[in-house]
Amino acid sequence: MAGLAFSKMHGAGNDFVVVAEEAVRSFSLPELARRLCQRRFAIGADGLLVVGRGERHPVKMRMFNPDGTEDMCGNGLRCVAKWAVMRGLAADSRFVVETIDGEKGVELLPDGTVRVELGEPRFEPERVPVLAEMNPVVDLPLDLPDGRVKITAVFTGSTHGVVFVDRLPEDERFLRDSPLIENHPLFPQRTSVLWTVVESPSRLMMRIWERGAGETLACGTGACAAAVAGQLHGLVGEEVEVHSAGGVLRVWWRPGSPVFLTGAAELVYEGFYLLDEVKA
């Protein structure tokens with residue numbers, strides 16, 4: 001049996017298993033994510049974060065969804081920033097993390113929150129990606145068995161489909177329609193689904209279905225996508241609070257600029273997990 005030291009962290013209820021890269025070199029990371037992220041049968045989490053030294057910068061991260069697919073994650077990035085400082089990988093409160101979506105600036109703020117720069121949103125259909133001819137993809141009609149929804153598709157490090165609604169869906173609609181949208185043929189790499197209510201020009205409410213994970217309590221790149229989509233529709237301003245079941249995230253974006261995400265990142269506990277090695 002192999003033993004694996006890990007940290008459990010969360011950002012606004014979006015929870016992760018965090019491990020050092022050198023501890024998992026002999027493992028298949030997709031299979032490791034599938035095993036460790038199982039709720040009730042293992043540690044349980046919305047994703048696996050693997051953290052090590054970057055090639056150009058102090059820190060790099062890889063994030064794997066519970067289904068083993070690799071992705072980018074804004075809340076995961078904030079957790080990695082705090083974990084890297086706690087573990088001595090980064091000596092300053094401001095540094096750069098290498099990710100699957102490029103280099104991202106991070107900063108630990110005096111109030112304990114973490115601010116990250118996620119780069120400029122991408123709207124071109126081939127970059128989202130989404131099979132549509134409009135640019136940006138705003139109110140794209142999607143026919144489902146029980147009706148039609150309108151999707152605004154944005155890439156903010158990961159693929160997102162924002163659905164503006166008057167009120168957040170109840171379980172019946174949410175659990176029925178969200179996986180259908182996630183796996184709709186118009187999204188060749190699937191999409192996360194962000195059911196979004198505009199409460200004011202500075203406040204959004206969101207219920208989240210993440211590709212590869214299902215329902216989550218928060219989504220950092222998703223909060224950014226909802227705020228950006230809100231501006232595309234003329235519904236919100238540059239600074240927006242995004243509320244979800246796990247808490248509040250703050251998003252700032254101005255067209256032509258990177259999008260910034262700020263929120264808490266918390267260490268829940270540290271542990272040691274026994275498992276058979278999963279060979280690469």
# chains A, B, ... in the order shown; residues from 1 in each chain; ligands from 1

call {"tool": "closest_atom_pairs", "arguments": {"of": "segment 207-237 of chain A", "to": "segment 122-146 of chain A", "cutoff": "12 Å", "atoms": "only C-alpha atoms", "output": "JSON lines"}}
result
{"residue": "A:Cys224", "atom": "CA", "partner": "A:Arg122", "partner_atom": "CA", "distance": 11.6}
{"residue": "A:Ala225", "atom": "CA", "partner": "A:Arg122", "partner_atom": "CA", "distance": 9.8}
{"residue": "A:Val228", "atom": "CA", "partner": "A:Arg122", "partner_atom": "CA", "distance": 10.1}
{"residue": "A:Ala229", "atom": "CA", "partner": "A:Val138", "partner_atom": "CA", "distance": 8.1}
{"residue": "A:Gly230", "atom": "CA", "partner": "A:Val138", "partner_atom": "CA", "distance": 10.3}
{"residue": "A:Gln231", "atom": "CA", "partner": "A:Val138", "partner_atom": "CA", "distance": 11.1}
{"residue": "A:Leu232", "atom": "CA", "partner": "A:Val138", "partner_atom": "CA", "distance": 7.8}
{"residue": "A:His233", "atom": "CA", "partner": "A:Val138", "partner_atom": "CA", "distance": 8.0}
{"residue": "A:Gly234", "atom": "CA", "partner": "A:Val138", "partner_atom": "CA", "distance": 11.7}

call {"tool": "closest_atom_pairs", "arguments": {"of": "segment 71-111 of chain A", "to": "segment 188-208 of chain A", "cutoff": "12 Å", "atoms": "only C-alpha atoms", "output": "JSON lines"}}
result
{"residue": "A:Asp71", "atom": "CA", "partner": "A:Gln189", "partner_atom": "CA", "distance": 10.9}
{"residue": "A:Met72", "atom": "CA", "partner": "A:Ser192", "partner_atom": "CA", "distance": 11.9}
{"residue": "A:Cys73", "atom": "CA", "partner": "A:Ser192", "partner_atom": "CA", "distance": 11.7}

call {"tool": "write_last_selection", "arguments": {"atoms": "C-alpha atoms", "output": "compact mmCIF listing (two decimals), in the first residue's frame"}}
result
# COMPACT_ATOMS: atom_id res chain seq x y z
CA ASP A 71 -9.24 21.48 -16.61
CA MET A 72 -8.58 25.00 -15.36
CA CYS A 73 -10.10 26.19 -12.08

call {"tool": "closest_residue", "arguments": {"among": "A:Leu217, A:Lys150, A:Gly76, A:Arg115", "to": "Arg250 of chain A", "atoms": "only C-alpha atoms"}}
result
A:Arg115

call {"tool": "atom_distance", "arguments": {"atom1": "atom CA of Gly47 of chain A", "atom2": "atom CA of Ala33 of chain A"}}
result
6.9 Å

call {"tool": "select_by_dssp", "arguments": {"residues": "segment 81-111 of chain A", "states": "helix (DSSP H, G or I)", "output": "short mmCIF file (atom, residue, chain, number, x, y, z; two decimals) with N, CA and C atoms, in the first residue's frame"}}
result
data_model
loop_
_atom_site.label_atom_id
_atom_site.label_comp_id
_atom_site.auth_asym_id
_atom_site.auth_seq_id
_atom_site.Cartn_x
_atom_site.Cartn_y
_atom_site.Cartn_z
N ALA A 81 -2.54 29.03 -4.55
CA ALA A 81 -1.73 30.18 -4.14
C ALA A 81 -1.48 30.16 -2.64
N LYS A 82 -2.53 29.91 -1.87
CA LYS A 82 -2.35 29.89 -0.41
C LYS A 82 -1.53 28.68 0.02
N TRP A 83 -1.77 27.52 -0.59
CA TRP A 83 -1.03 26.31 -0.24
C TRP A 83 0.45 26.47 -0.55
N ALA A 84 0.77 27.11 -1.68
CA ALA A 84 2.17 27.30 -2.07
C ALA A 84 2.91 28.17 -1.07
N VAL A 85 2.26 29.19 -0.56
CA VAL A 85 2.89 30.04 0.45
C VAL A 85 3.06 29.27 1.76
N MET A 86 2.05 28.51 2.17
CA MET A 86 2.15 27.73 3.39
C MET A 86 3.27 26.70 3.32
#

call {"tool": "residues_around", "arguments": {"residues": "segment 260-269 of chain A", "least_positions_apart": "5", "cutoff": "6 Å", "atoms": "only C-alpha atoms", "output": "list in words"}}
result
Lys8, Met9, His10, Gly11, Cys79, Thr113, Val114, Arg115, Val116, Glu117, Leu249, Arg250, Val251 and Trp252 of chain A

call {"tool": "write_last_selection", "arguments": {"atoms": "C-alpha atoms", "output": "compact mmCIF listing (two decimals), in the first residue's frame"}}
result
# COMPACT_ATOMS: atom_id res chain seq x y z
CA LYS A 8 -8.16 19.41 1.89
CA MET A 9 -8.98 23.00 0.91
CA HIS A 10 -11.96 24.94 -0.33
CA GLY A 11 -12.79 28.25 -1.93
CA CYS A 79 -6.30 27.49 -3.06
CA THR A 113 -8.50 36.48 0.66
CA VAL A 114 -6.73 35.67 -2.59
CA ARG A 115 -6.99 37.62 -5.84
CA VAL A 116 -6.12 35.96 -9.14
CA GLU A 117 -5.84 37.25 -12.68
CA LEU A 249 -16.86 35.68 -4.94
CA ARG A 250 -15.95 39.12 -6.28
CA VAL A 251 -15.28 39.65 -9.98
CA TRP A 252 -13.85 42.69 -11.75

call {"tool": "residues_around", "arguments": {"residues": "Glu210 of chain A", "least_positions_apart": "4", "cutoff": "10 Å", "atoms": "only C-alpha atoms", "output": "list in words"}}
result
Asp46, Asn65, Ser158, Thr159, His160, Ser178, Pro179, Glu182, Arg190, Thr191, Ser192, Val193, Leu194, Gly214, Glu215, Thr216, Leu217, Ala218, Cys219 and Gly222 of chain A
